[in-house]
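Engineer: This is input.txt, which holds compact mmCIF, C-alpha atoms:
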# COMPACT_ATOMS: atom_id res chain seq x y z
CA MET A 1 58.03 104.29 121.62
CA ILE A 2 55.78 106.39 119.39
CA ASP A 3 55.75 105.27 115.79
CA PHE A 4 56.28 108.38 113.70
CA GLY A 5 56.24 106.36 110.50
CA PHE A 6 59.98 106.75 109.92
CA SER A 7 62.64 104.10 109.99
CA ILE A 8 66.39 103.95 109.46
CA SER A 9 67.63 102.22 106.32
CA LYS A 10 70.46 99.76 106.83
CA SER A 11 73.72 100.62 105.06
CA SER A 12 74.08 98.86 101.73
CA HIS A 13 77.86 98.85 102.18
CA ILE A 14 79.67 95.59 102.70
CA GLN A 15 81.65 96.19 105.88
CA MET A 16 84.74 94.15 105.12
CA ASP A 17 86.00 94.69 108.69
CA ASN A 18 83.09 92.62 110.01
CA VAL A 19 83.28 89.82 107.47
CA ASP A 20 84.37 86.52 108.96
CA LEU A 21 86.35 84.62 106.35
CA LYS A 22 87.14 81.60 108.53
CA LEU A 23 85.03 79.23 106.40
CA PHE A 24 86.19 80.74 103.14
CA ASN A 25 89.81 80.32 104.19
CA LYS A 26 89.04 76.68 104.97
CA LEU A 27 87.51 76.31 101.52
CA GLU A 28 90.49 78.01 99.94
CA ALA A 29 92.93 75.77 101.77
CA LEU A 30 91.16 72.72 100.34
CA ASN A 31 90.82 74.26 96.86
CA PRO A 32 93.75 76.63 96.23
CA ASP A 33 92.66 77.17 92.62
CA ILE A 34 89.66 79.16 93.86
CA SER A 35 91.81 82.29 94.18
CA THR A 36 92.79 82.25 90.50
CA CYS A 37 89.30 83.26 89.27
CA MET A 38 89.51 86.34 87.05
CA ALA A 39 85.77 86.88 86.78
CA CYS A 40 85.58 86.27 83.03
CA GLY A 41 82.04 84.89 83.38
CA LEU A 42 82.47 81.78 81.22
CA CYS A 43 81.09 79.57 84.01
CA THR A 44 77.94 81.63 84.27
CA ALA A 45 77.48 82.04 80.53
CA THR A 46 77.56 78.30 79.94
CA CYS A 47 75.62 77.32 83.08
CA SER A 48 72.51 75.22 82.30
CA ALA A 49 70.85 76.30 85.54
CA GLY A 50 72.00 79.88 85.02
CA ASN A 51 69.79 80.13 81.94
CA PHE A 52 66.72 79.90 84.14
CA THR A 53 67.88 80.93 87.63
CA ASP A 54 70.40 83.28 89.23
CA ALA A 55 72.95 80.46 89.62
CA SER A 56 76.47 81.75 88.91
CA PHE A 57 79.67 80.05 90.03
CA ARG A 58 81.64 83.29 89.73
CA LYS A 59 79.20 85.16 91.95
CA ILE A 60 79.02 82.37 94.51
CA ILE A 61 82.77 82.64 95.06
CA LEU A 62 82.67 86.43 95.17
CA MET A 63 79.78 86.44 97.65
CA LEU A 64 81.61 84.02 99.94
CA GLN A 65 84.66 86.31 99.79
CA ARG A 66 82.50 89.27 100.81
CA GLY A 67 80.68 87.49 103.64
CA LYS A 68 77.38 87.07 101.81
CA ASP A 69 77.27 83.37 102.70
CA LYS A 70 73.49 82.99 102.83
CA GLU A 71 72.90 84.41 99.36
CA ALA A 72 75.76 82.33 98.01
CA LEU A 73 74.35 79.09 99.44
CA GLU A 74 70.95 79.90 97.90
CA LYS A 75 72.66 80.04 94.53
CA VAL A 76 74.56 76.80 95.19
CA LYS A 77 71.21 75.02 95.64
CA LYS A 78 70.34 75.76 92.02
CA CYS A 79 73.40 73.98 90.64
CA MET A 80 72.64 70.66 88.89
CA MET A 81 76.22 69.42 89.05
CA CYS A 82 76.39 69.00 85.28
CA GLY A 83 80.01 70.17 85.24
CA LYS A 84 79.89 72.33 82.11
CA CYS A 85 81.65 75.09 84.02
CA ILE A 86 84.69 72.83 84.55
CA LEU A 87 84.89 72.30 80.80
CA VAL A 88 85.02 76.01 79.99
CA CYS A 89 86.96 77.59 82.89
CA SER A 90 89.96 79.38 81.35
CA ARG A 91 91.87 79.25 84.63
CA GLY A 92 91.26 75.51 84.93
CA ILE A 93 89.41 75.77 88.24
CA ASN A 94 87.79 72.55 89.44
CA THR A 95 84.43 74.25 89.89
CA ARG A 96 82.33 71.21 90.69
CA ASN A 97 84.69 70.07 93.39
CA ILE A 98 84.56 73.53 94.90
CA LEU A 99 80.74 73.50 94.90
CA LEU A 100 80.79 70.16 96.70
CA SER A 101 83.32 71.55 99.19
CA ILE A 102 81.09 74.55 99.80
CA THR A 103 78.09 72.41 100.64
CA ARG A 104 80.20 70.31 102.95
CA ILE A 105 82.04 73.12 104.76
CA TYR A 106 79.22 75.64 105.07
CA ASN A 107 76.51 73.12 105.94
CA GLU A 108 78.64 71.57 108.66
CA GLU A 109 78.61 74.97 110.25
CA ASP A 110 74.78 74.95 110.27
CA LYS A 111 74.59 71.83 112.42
CA MET B 112 131.78 108.22 57.58
CA LYS B 113 133.13 111.32 59.33
CA GLU B 114 132.76 111.73 63.08
CA HIS B 115 129.38 113.02 64.10
CA ASN B 116 128.39 114.43 67.48
CA ILE B 117 124.90 113.62 68.70
CA LEU B 118 123.22 115.32 71.61
CA ILE B 119 121.30 112.99 73.93
CA ILE B 120 119.00 114.95 76.24
CA GLY B 121 118.45 112.88 79.38
CA GLY B 122 120.51 110.14 81.00
CA GLY B 123 117.81 107.64 81.89
CA PRO B 124 117.51 104.15 80.35
CA ALA B 125 116.38 105.60 76.97
CA GLY B 126 119.27 108.05 76.78
CA MET B 127 121.85 105.55 78.00
CA GLU B 128 120.76 102.82 75.59
CA THR B 129 120.49 105.22 72.60
CA ALA B 130 123.96 106.56 73.37
CA TYR B 131 125.42 103.07 73.69
CA GLN B 132 123.97 101.95 70.35
CA LEU B 133 125.16 105.13 68.59
CA LYS B 134 128.62 104.56 70.00
CA GLN B 135 128.52 100.99 68.67
CA LEU B 136 127.68 102.45 65.25
CA GLY B 137 130.84 104.57 65.37
CA LEU B 138 129.22 107.86 66.27
CA LYS B 139 129.93 110.23 69.16
CA PRO B 140 126.97 110.68 71.49
CA ILE B 141 127.07 113.24 74.33
CA ILE B 142 124.63 112.70 77.21
CA ILE B 143 123.32 115.76 79.05
CA GLU B 144 121.74 114.94 82.42
CA ARG B 145 120.24 117.52 84.80
CA ASN B 146 120.74 115.32 87.89
CA ASP B 147 124.04 114.35 89.47
CA ARG B 148 123.74 110.73 88.36
CA LEU B 149 122.64 108.59 85.43
CA GLY B 150 119.73 106.15 85.50
CA GLY B 151 116.61 108.29 85.82
CA HIS B 152 113.71 106.64 87.63
CA LEU B 153 115.38 103.23 87.30
CA ALA B 154 117.98 104.31 89.87
CA GLN B 155 115.22 104.85 92.44
CA TRP B 156 113.56 101.48 91.93
CA ASP B 157 114.35 98.31 93.90
CA ARG B 158 113.03 95.46 91.76
CA LEU B 159 111.42 95.24 88.32
CA PHE B 160 108.30 93.48 87.05
CA PRO B 161 107.42 90.85 85.98
CA THR B 162 110.18 88.71 87.53
CA SER B 163 111.25 90.95 90.46
CA GLU B 164 114.84 91.01 89.25
CA THR B 165 116.89 93.82 90.74
CA ALA B 166 116.83 97.27 89.17
CA VAL B 167 120.47 97.69 90.06
CA GLY B 168 121.37 94.78 87.77
CA LEU B 169 119.94 96.53 84.72
CA LEU B 170 121.31 99.90 85.81
CA GLU B 171 124.84 98.53 86.18
CA ARG B 172 124.59 96.95 82.73
CA LEU B 173 123.51 100.26 81.19
CA LYS B 174 126.26 102.11 83.07
CA GLU B 175 128.89 99.61 81.96
CA ASN B 176 127.82 100.19 78.35
CA THR B 177 128.04 103.97 78.68
CA LYS B 178 131.33 104.17 80.56
CA ASP B 179 133.31 105.43 77.53
CA ILE B 180 130.65 107.92 76.51
CA GLU B 181 130.86 111.62 77.28
CA VAL B 182 128.35 112.42 80.02
CA LYS B 183 127.69 115.89 81.38
CA LEU B 184 125.94 115.64 84.76
CA ASP B 185 124.31 118.53 86.66
CA SER B 186 123.84 120.23 83.31
CA ARG B 187 120.87 121.86 81.70
CA ILE B 188 120.53 122.99 78.14
CA THR B 189 120.09 126.76 77.96
CA ASN B 190 119.96 127.15 74.20
CA ILE B 191 119.93 125.17 70.96
CA GLU B 192 120.25 127.00 67.68
CA LYS B 193 120.17 125.30 64.30
CA ILE B 194 122.47 126.93 61.71
CA ASN B 195 122.97 125.25 58.31
CA GLY B 196 121.91 121.85 59.59
CA THR B 197 124.18 121.99 62.64
CA PHE B 198 122.82 122.36 66.15
CA HIS B 199 124.74 124.82 68.37
CA VAL B 200 124.18 123.78 71.98
CA SER B 201 124.78 125.88 75.11
CA LEU B 202 124.76 124.43 78.60
CA SER B 203 124.09 125.88 82.04
CA THR B 204 127.75 125.13 82.81
CA ASN B 205 128.69 127.69 80.13
CA LYS B 206 129.98 124.98 77.80
CA ASN B 207 129.16 125.21 74.09
CA PHE B 208 129.46 122.57 71.39
CA GLU B 209 128.02 121.54 68.03
CA VAL B 210 126.08 118.41 67.07
CA ASP B 211 124.55 116.99 63.88
CA ALA B 212 121.50 115.42 65.49
CA VAL B 213 119.52 115.61 68.72
CA VAL B 214 117.78 112.76 70.54
CA VAL B 215 115.23 113.81 73.17
CA CYS B 216 115.11 111.23 76.00
CA THR B 217 113.56 113.37 78.71
CA GLY B 218 111.38 110.57 80.08
CA PHE B 219 108.51 111.15 82.47
CA GLU B 220 107.49 112.41 85.89
CA LEU B 221 105.41 110.38 88.34
CA PHE B 222 101.94 111.83 88.87
CA ASN B 223 101.76 114.02 91.96
CA ALA B 224 99.33 112.08 94.17
CA GLU B 225 98.36 115.20 96.14
CA ARG B 226 96.29 116.21 93.13
CA LYS B 227 93.87 113.35 93.91
CA GLN B 228 92.99 114.85 97.26
CA GLU B 229 90.26 112.26 97.95
CA TYR B 230 93.02 109.65 98.41
CA GLY B 231 94.54 111.69 101.23
CA TYR B 232 98.18 111.61 100.15
CA GLY B 233 100.06 114.25 102.13
CA ILE B 234 97.11 114.41 104.55
CA TYR B 235 97.04 110.92 106.08
CA ASP B 236 100.27 109.38 107.20
CA ARG B 237 99.68 105.87 105.93
CA VAL B 238 98.89 106.76 102.35
CA ILE B 239 102.10 106.29 100.35
CA THR B 240 103.02 106.13 96.66
CA ASN B 241 104.44 103.30 94.55
CA ALA B 242 107.80 105.14 94.47
CA GLU B 243 107.86 105.44 98.26
CA LEU B 244 107.09 101.73 98.68
CA GLU B 245 109.90 100.95 96.26
CA ASP B 246 112.15 103.13 98.39
CA TYR B 247 111.04 101.19 101.48
CA PHE B 248 111.97 97.90 99.79
CA LYS B 249 115.41 99.38 99.16
CA THR B 250 116.11 100.88 102.56
CA HIS B 251 113.58 99.27 104.92
CA ASP B 252 113.47 102.65 106.54
CA ASP B 253 109.95 104.05 106.54
CA LYS B 254 108.03 104.32 109.80
CA ARG B 255 104.72 104.33 107.94
CA VAL B 256 105.22 100.70 106.93
CA ASP B 257 104.79 99.24 110.40
CA GLU B 258 103.75 95.57 110.41
CA PRO B 259 100.62 96.30 108.35
CA ARG B 260 97.89 93.67 108.62
CA ARG B 261 95.74 94.95 105.81
CA ILE B 262 97.17 96.72 102.78
CA GLY B 263 95.44 98.27 99.77
CA PHE B 264 96.79 99.20 96.36
CA VAL B 265 94.93 101.71 94.22
CA HIS B 266 95.55 101.31 90.48
CA CYS B 267 95.25 104.12 87.90
CA VAL B 268 96.09 107.04 90.21
CA GLY B 269 96.43 109.97 87.83
CA SER B 270 95.71 107.78 84.80
CA ARG B 271 92.46 107.17 82.88
CA ASP B 272 90.92 110.07 84.74
CA VAL B 273 89.52 113.22 83.13
CA LYS B 274 89.41 114.88 86.54
CA VAL B 275 93.19 115.27 86.36
CA ASN B 276 93.18 115.68 82.59
CA ASN B 277 95.00 112.40 82.03
CA THR B 278 92.83 110.13 79.93
CA TYR B 279 95.60 107.73 78.94
CA CYS B 280 96.74 104.47 80.54
CA SER B 281 100.22 104.66 82.10
CA LYS B 282 100.92 101.04 81.10
CA VAL B 283 103.24 100.10 83.97
CA CYS B 284 101.06 100.46 87.07
CA CYS B 285 99.07 97.19 86.84
CA ALA B 286 102.19 95.07 86.70
CA THR B 287 103.97 97.24 89.28
CA ALA B 288 101.02 96.96 91.68
CA LEU B 289 100.93 93.17 91.50
CA LYS B 290 104.72 92.97 91.77
CA GLN B 291 104.73 95.21 94.85
CA ALA B 292 101.71 93.39 96.30
CA CYS B 293 103.59 90.07 96.08
CA GLU B 294 106.73 91.63 97.55
CA ILE B 295 104.96 93.18 100.53
CA LYS B 296 103.02 89.96 101.14
CA ASP B 297 106.34 88.15 101.10
CA GLU B 298 107.55 90.52 103.79
CA PHE B 299 104.36 90.43 105.88
CA PRO B 300 102.85 86.96 105.21
CA ASP B 301 99.99 87.48 107.66
CA ALA B 302 98.76 90.60 105.89
CA ASP B 303 95.71 90.70 103.63
CA VAL B 304 96.58 92.51 100.42
CA TYR B 305 93.88 94.02 98.22
CA CYS B 306 94.37 95.51 94.74
CA PHE B 307 91.65 97.88 93.54
CA TYR B 308 91.71 97.84 89.74
CA MET B 309 89.45 98.77 86.82
CA ASP B 310 91.03 96.42 84.29
CA LEU B 311 94.18 94.45 84.86
CA ARG B 312 96.25 95.28 81.79
CA MET B 313 98.80 92.49 81.96
CA PHE B 314 99.84 92.70 78.31
CA GLY B 315 103.57 91.97 78.30
CA LYS B 316 105.71 88.88 78.32
CA GLY B 317 105.39 87.19 81.69
CA TYR B 318 102.84 89.67 83.05
CA GLU B 319 99.92 87.25 82.99
CA ASP B 320 102.13 84.74 84.83
CA LEU B 321 102.74 87.42 87.43
CA TYR B 322 98.97 87.88 87.80
CA LEU B 323 98.45 84.15 88.27
CA ARG B 324 101.35 83.96 90.73
CA ALA B 325 99.92 86.89 92.70
CA GLN B 326 96.57 85.13 93.00
CA LYS B 327 97.79 81.60 93.55
CA ASP B 328 101.04 81.84 95.51
CA PHE B 329 100.54 85.16 97.32
CA ASP B 330 96.76 85.24 97.72
CA ILE B 331 96.53 88.84 96.51
CA LYS B 332 92.85 89.78 96.44
CA CYS B 333 91.94 91.75 93.34
CA VAL B 334 88.80 93.86 93.68
CA ARG B 335 87.36 95.39 90.52
CA GLY B 336 86.42 98.94 91.45
CA ARG B 337 88.11 102.25 91.97
CA VAL B 338 88.59 103.60 95.49
CA CYS B 339 86.43 106.72 95.71
CA GLU B 340 87.57 108.18 99.03
CA VAL B 341 89.89 107.62 101.95
CA SER B 342 89.45 108.87 105.49
CA GLU B 343 91.17 108.27 108.80
CA ASN B 344 89.52 106.79 111.89
CA ILE B 345 90.24 107.67 115.50
CA GLU B 346 93.01 105.03 115.73
CA GLY B 347 94.80 106.60 112.78
CA LYS B 348 93.85 103.76 110.44
CA LEU B 349 92.54 104.36 106.97
CA VAL B 350 88.94 103.74 105.97
CA ILE B 351 88.35 103.36 102.26
CA LYS B 352 85.23 103.19 100.14
CA ALA B 353 84.93 101.46 96.79
CA GLU B 354 82.37 99.56 94.81
CA ASP B 355 82.90 95.90 94.17
CA THR B 356 81.68 96.27 90.60
CA LEU B 357 81.65 92.52 89.97
CA LEU B 358 79.11 92.16 92.74
CA GLY B 359 77.50 95.56 92.20
CA THR B 360 77.76 96.50 95.87
CA PRO B 361 79.63 99.33 97.60
CA MET B 362 82.12 98.28 100.25
CA LYS B 363 84.06 99.78 103.14
CA MET B 364 87.29 98.56 104.62
CA THR B 365 89.83 99.58 107.24
CA LEU B 366 93.47 99.49 106.13
CA ASP B 367 96.86 99.93 107.78
CA LEU B 368 98.56 101.05 104.59
CA LEU B 369 97.37 102.34 101.24
CA VAL B 370 99.69 102.44 98.23
CA LEU B 371 98.80 104.75 95.35
CA MET B 372 99.96 103.59 91.92
CA CYS B 373 100.94 106.95 90.46
CA GLY B 374 101.07 106.96 86.69
CA MET B 375 103.29 108.80 84.26
CA GLU B 376 103.11 112.43 83.19
CA LYS B 377 105.36 114.50 80.95
CA ALA B 378 108.67 115.43 82.55
CA LYS B 379 108.94 118.75 84.37
CA GLY B 380 110.75 121.44 82.43
CA VAL B 381 110.48 119.60 79.12
CA GLU B 382 108.59 122.59 77.66
CA GLU B 383 111.86 124.56 77.52
CA ILE B 384 113.45 121.84 75.41
CA GLN B 385 110.34 121.67 73.24
CA LYS B 386 110.51 125.44 72.65
CA MET B 387 114.17 125.28 71.65
CA LEU B 388 113.57 122.42 69.20
CA ASN B 389 110.11 123.52 68.06
CA LEU B 390 108.46 120.28 69.27
CA GLU B 391 104.72 120.08 69.78
CA SER B 392 102.84 118.22 72.51
CA ASN B 393 100.20 115.56 71.89
CA ASN B 394 96.80 115.42 73.61
CA ASP B 395 98.29 113.59 76.59
CA GLY B 396 100.89 116.32 77.14
CA PHE B 397 103.83 114.20 75.98
CA ILE B 398 106.06 115.13 73.02
CA GLU B 399 104.43 114.52 69.65
CA ASN B 400 106.33 112.14 67.37
CA SER B 401 105.75 111.48 63.67
CA GLY B 402 102.96 108.92 63.79
CA SER B 403 102.21 105.69 65.57
CA PHE B 404 104.04 103.21 63.37
CA VAL B 405 107.15 103.87 61.28
CA GLY B 406 107.61 107.43 62.50
CA ILE B 407 107.77 106.70 66.23
CA ASN B 408 111.43 107.71 66.54
CA ARG B 409 111.15 110.91 64.50
CA THR B 410 109.70 114.36 65.09
CA LYS B 411 108.68 117.16 62.76
CA GLY B 412 112.11 118.73 63.28
CA LYS B 413 114.77 117.52 60.87
CA GLY B 414 117.58 115.88 62.81
CA VAL B 415 115.53 115.79 66.02
CA PHE B 416 114.64 112.32 67.30
CA VAL B 417 112.91 110.87 70.35
CA ALA B 418 113.25 107.72 72.46
CA GLY B 419 111.51 106.39 75.56
CA ALA B 420 108.72 107.71 77.74
CA CYS B 421 108.98 111.34 76.58
CA THR B 422 106.40 110.54 73.87
CA SER B 423 104.07 108.27 75.87
CA PRO B 424 104.16 106.02 78.94
CA LYS B 425 106.41 103.03 78.30
CA THR B 426 107.73 99.95 80.05
CA LEU B 427 111.47 99.36 80.29
CA PRO B 428 111.55 96.71 77.51
CA ASP B 429 109.60 99.13 75.27
CA THR B 430 111.99 101.94 76.12
CA ILE B 431 115.11 99.93 75.42
CA ALA B 432 113.73 98.58 72.15
CA GLU B 433 112.76 102.09 71.08
CA ALA B 434 116.17 103.48 72.05
CA ARG B 435 117.82 100.91 69.80
CA SER B 436 115.54 101.70 66.88
CA THR B 437 116.08 105.44 67.39
CA ALA B 438 119.83 104.91 67.21
CA MET B 439 119.33 103.21 63.84
CA GLU B 440 117.13 106.10 62.62
CA VAL B 441 119.80 108.62 63.64
CA PHE B 442 122.45 106.58 61.86
CA ASN B 443 120.42 106.46 58.64
CA TYR B 444 119.71 110.18 58.86
CA LEU B 445 123.38 111.06 59.23
CA ILE B 446 124.42 108.85 56.30
CA HIS B 447 121.93 110.50 53.97
CA ASN B 448 121.99 114.09 55.21
CA CYS B 449 125.39 114.97 56.65
Could I get this file's structure written as structure tokens?
Structural biologist:
Amino acid sequence: MIDFGFSISKSSHIQMDNVDLKLFNKLEALNPDISTCMACGLCTATCSAGNFTDASFRKIILMLQRGKDKEALEKVKKCMMCGKCILVCSRGINTRNILLSITRIYNEEDK
Amino acid sequence: MKEHNILIIGGGPAGMETAYQLKQLGLKPIIIERNDRLGGHLAQWDRLFPTSETAVGLLERLKENTKDIEVKLDSRITNIEKINGTFHVSLSTNKNFEVDAVVVCTGFELFNAERKQEYGYGIYDRVITNAELEDYFKTHDDKRVDEPRRIGFVHCVGSRDVKVNNTYCSKVCCATALKQACEIKDEFPDADVYCFYMDLRMFGKGYEDLYLRAQKDFDIKCVRGRVCEVSENIEGKLVIKAEDTLLGTPMKMTLDLLVLMCGMEKAKGVEEIQKMLNLESNNDGFIENSGSFVGINRTKGKGVFVAGACTSPKTLPDTIAEARSTAMEVFNYLIHNC
């Protein structure tokens, strides 16, 4: 194949038809409060790690819902488990428990 | 107090409730309705937000209250002339009578979804409106609703959109969308239901509970972002594009059914009534009333009042509350002026 110096850019669209939500559904079954997030951003605003990194509980959940598991797990790594997000969440979501569930469910899949 | 006739233009919830309250105050309201039945849009609805109680329950209650009131169905007003403080009314049925006050309760029209051509209503079979879904819930007779596995709701269709010259919020669509989303999920539990919203304006009593219920008990997935276009694939399914604005990424999705939440617009033919009564329109195209606070029930015309969604989009509780306050305004006007 001759290299003409051109390439095809990949679509930036999330193709929801191809997203496999099997793990997310498992996570949701264990933590039903996950679906009540209304994206207010309190968790991210108060996040100690979020002041210095791109850690954001809200975005982690959203990314998992949209099949961006890898990026989400990168963010999870930055969490220090301080639990401030539980204190502020206006929907009363048990954020820390969900983060622990994520590491358990999604890492099991890796093995 | 001598007997006063009051003309009520429109036999929807606003007209029915205003008439009932005027009757209670010892006055003689006359309802003029262009259709062959009372109830307006309420008569076409199956269940009401936020609790999904039946529309027929409220309708029957309103009908019961108006059963002793003079109602002229299938009638249009052809002329109103004000002579010495009395309104002389002529109807399409060639009847004429006199009244001391007029209450305009002409309500609203649902936005014609064909005007947002990018959503494909009237082009693609599986794009339906909120009113058509409500009709399906009533009759269960709509071939387009065929065991859908993935359903989308588009909020703000014809509202908050300069492209259709409607910059206002229609107030009822957010709650209606979540109500209908829960109801269709209840019917098809295996379906994934997505609501595409810009803001969820759940302002009323019990609306926020409905939002929480939709998320928690029905797993309705709310996506912040407006659907920009709809197309059909070779299998006849719908492909939609939107941006997930909370993630900042565009997304694509195949759907079996798309429901457009059509907002409110001024009622068709209301211009004729406005001309007869010398009523102006506001920027949103609805009838202009006398201010946003104490003058909501009044117009510039002496003896001409308004109630309900003819002045701006309103929920049913708003409409009924306004109808009651309009009745009181009419009563006070008649005491002091007639």
Engineer: Taking all atoms of region 82-100 of chain A that the file lists and extending 4 Å past them on each side, where is the centre of the axis-aligned box and how long are its edges? Answer in Å to one decimal, as JSON.
Structural biologist:
{"center_x": 84.1, "center_y": 74.2, "center_z": 88.3, "size_x": 23.5, "size_y": 18.4, "size_z": 24.7}
Engineer: Given a cut-off of 6 Å, which residues of chain B touch chain A, counting only C-alpha atoms, written out as a PyMOL selection string?
Structural biologist: chain B and resi 326-327+361-364
Engineer: Got time to write the residues from that selection, C-alpha atoms, as an mmCIF file, in the frame of the given file?
Structural biologist:
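Once written, selection15.cif looks like this:
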data_model
loop_
_atom_site.group_PDB
_atom_site.id
_atom_site.type_symbol
_atom_site.label_atom_id
_atom_site.label_comp_id
_atom_site.auth_asym_id
_atom_site.auth_seq_id
_atom_site.Cartn_x
_atom_site.Cartn_y
_atom_site.Cartn_z
ATOM 1 C CA GLN B 326 96.570 85.130 93.000
ATOM 2 C CA LYS B 327 97.790 81.600 93.550
ATOM 3 C CA PRO B 361 79.630 99.330 97.600
ATOM 4 C CA MET B 362 82.120 98.280 100.250
ATOM 5 C CA LYS B 363 84.060 99.780 103.140
ATOM 6 C CA MET B 364 87.290 98.560 104.620
#
Engineer: So that I can check the surroundings of region 200-211 of chain B, please list as a ChimeraX atom specification every protein, DNA and RNA residue that reaches within 6 Å of it, counting all atoms listed in the file and ignoring chain neighbours fewer than 6 positions away.
Structural biologist: /B:116-117,186-191
Engineer: What does the distance between CA of Cys79 (chain A) and CA of Thr95 (chain A) come to in Å, to one decimal place?
Structural biologist: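 About the pair CA of Cys79 (chain A) and CA of Thr95 (chain A): they are 11.1 Å apart.
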Engineer: What does the distance between CA of Glu114 (chain B) and CA of Lys139 (chain B) come to in Å, to one decimal place?
Structural biologist: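 Distance between the two atoms: 6.9 Å.
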Engineer: Find the spatial neighbours of region 335-345 of chain B, counting only C-alpha atoms, within a cut-off of 10 Å - ignore same-chain residues fewer than 3 positions away - and output them as number ranges by chain.
Structural biologist: A: 38-39; B: 227-232, 234-238, 263-268, 306-311, 332, 348-359, 361-366, 369
Engineer: Find the distance between CA of Asp157 (chain B) and CA of Phe397 (chain B) and write it in Å to one decimal.
Structural biologist: 26.2 Å
Engineer: Determine the nearest neighbour of Ser423 (chain B) from the options B:Phe219, B:Leu368, B:Leu321, B:Arg271, counting all atoms listed in the file.
Structural biologist: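 Ranked by minimum distance to Ser423 (chain B), first place goes to B:Phe219.
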Engineer: Please identify all polymer residues within 10 Å of Met81 (chain A), counting only C-alpha atoms, omitting same-chain residues fewer than 6 positions from it, and present them as a list in words.
Structural biologist: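 Everything that qualifies: Cys47, Ser48, Ala49, Thr95, Arg96, Asn97, Leu99 and Leu100 of chain A.
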Engineer: Find the residues near Ala166 (chain B): any atom within 12 Å, counting only C-alpha atoms, skip ones fewer than 6 places away on the same chain, and give them as a list in words.
Structural biologist: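 The residues satisfying every condition are Pro124, Gly150, Gly151, His152, Leu153, Ala154, Gln155, Trp156, Asp157, Arg158, Leu159, Phe160, Arg172, Leu173, Glu245, Asp246, Phe248, Lys249 and Leu427 of chain B.
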Engineer: Complete region 88-99 of chain A with N, CA and C atoms (output as a PDB file, in the frame of the given file).
Structural biologist:
ATOM      1  N   VAL A  88      84.694  74.723  80.626  1.00  0.00           N
ATOM      2  CA  VAL A  88      85.020  76.010  79.990  1.00  0.00           C
ATOM      3  C   VAL A  88      86.013  76.871  80.760  1.00  0.00           C
ATOM      4  N   CYS A  89      86.173  76.652  82.060  1.00  0.00           N
ATOM      5  CA  CYS A  89      86.960  77.590  82.890  1.00  0.00           C
ATOM      6  C   CYS A  89      88.357  77.826  82.325  1.00  0.00           C
ATOM      7  N   SER A  90      88.673  79.088  81.993  1.00  0.00           N
ATOM      8  CA  SER A  90      89.960  79.380  81.350  1.00  0.00           C
ATOM      9  C   SER A  90      91.116  79.380  82.346  1.00  0.00           C
ATOM     10  N   ARG A  91      90.811  79.380  83.630  1.00  0.00           N
ATOM     11  CA  ARG A  91      91.870  79.250  84.630  1.00  0.00           C
ATOM     12  C   ARG A  91      91.977  77.801  85.118  1.00  0.00           C
ATOM     13  N   GLY A  92      91.167  76.917  84.572  1.00  0.00           N
ATOM     14  CA  GLY A  92      91.260  75.510  84.930  1.00  0.00           C
ATOM     15  C   GLY A  92      90.816  75.211  86.352  1.00  0.00           C
ATOM     16  N   ILE A  93      89.873  75.980  86.861  1.00  0.00           N
ATOM     17  CA  ILE A  93      89.410  75.770  88.240  1.00  0.00           C
ATOM     18  C   ILE A  93      88.458  74.570  88.280  1.00  0.00           C
ATOM     19  N   ASN A  94      88.645  73.728  89.294  1.00  0.00           N
ATOM     20  CA  ASN A  94      87.790  72.550  89.440  1.00  0.00           C
ATOM     21  C   ASN A  94      86.494  72.975  90.128  1.00  0.00           C
ATOM     22  N   THR A  95      85.620  73.585  89.344  1.00  0.00           N
ATOM     23  CA  THR A  95      84.430  74.250  89.890  1.00  0.00           C
ATOM     24  C   THR A  95      83.513  73.293  90.643  1.00  0.00           C
ATOM     25  N   ARG A  96      83.291  72.126  90.064  1.00  0.00           N
ATOM     26  CA  ARG A  96      82.330  71.210  90.690  1.00  0.00           C
ATOM     27  C   ARG A  96      82.824  70.741  92.051  1.00  0.00           C
ATOM     28  N   ASN A  97      84.119  70.489  92.107  1.00  0.00           N
ATOM     29  CA  ASN A  97      84.690  70.070  93.390  1.00  0.00           C
ATOM     30  C   ASN A  97      84.527  71.171  94.441  1.00  0.00           C
ATOM     31  N   ILE A  98      84.689  72.401  93.979  1.00  0.00           N
ATOM     32  CA  ILE A  98      84.560  73.530  94.900  1.00  0.00           C
ATOM     33  C   ILE A  98      83.111  73.639  95.397  1.00  0.00           C
ATOM     34  N   LEU A  99      82.150  73.450  94.487  1.00  0.00           N
ATOM     35  CA  LEU A  99      80.740  73.500  94.900  1.00  0.00           C
ATOM     36  C   LEU A  99      80.435  72.428  95.939  1.00  0.00           C
TER      37      LEU A  99
END
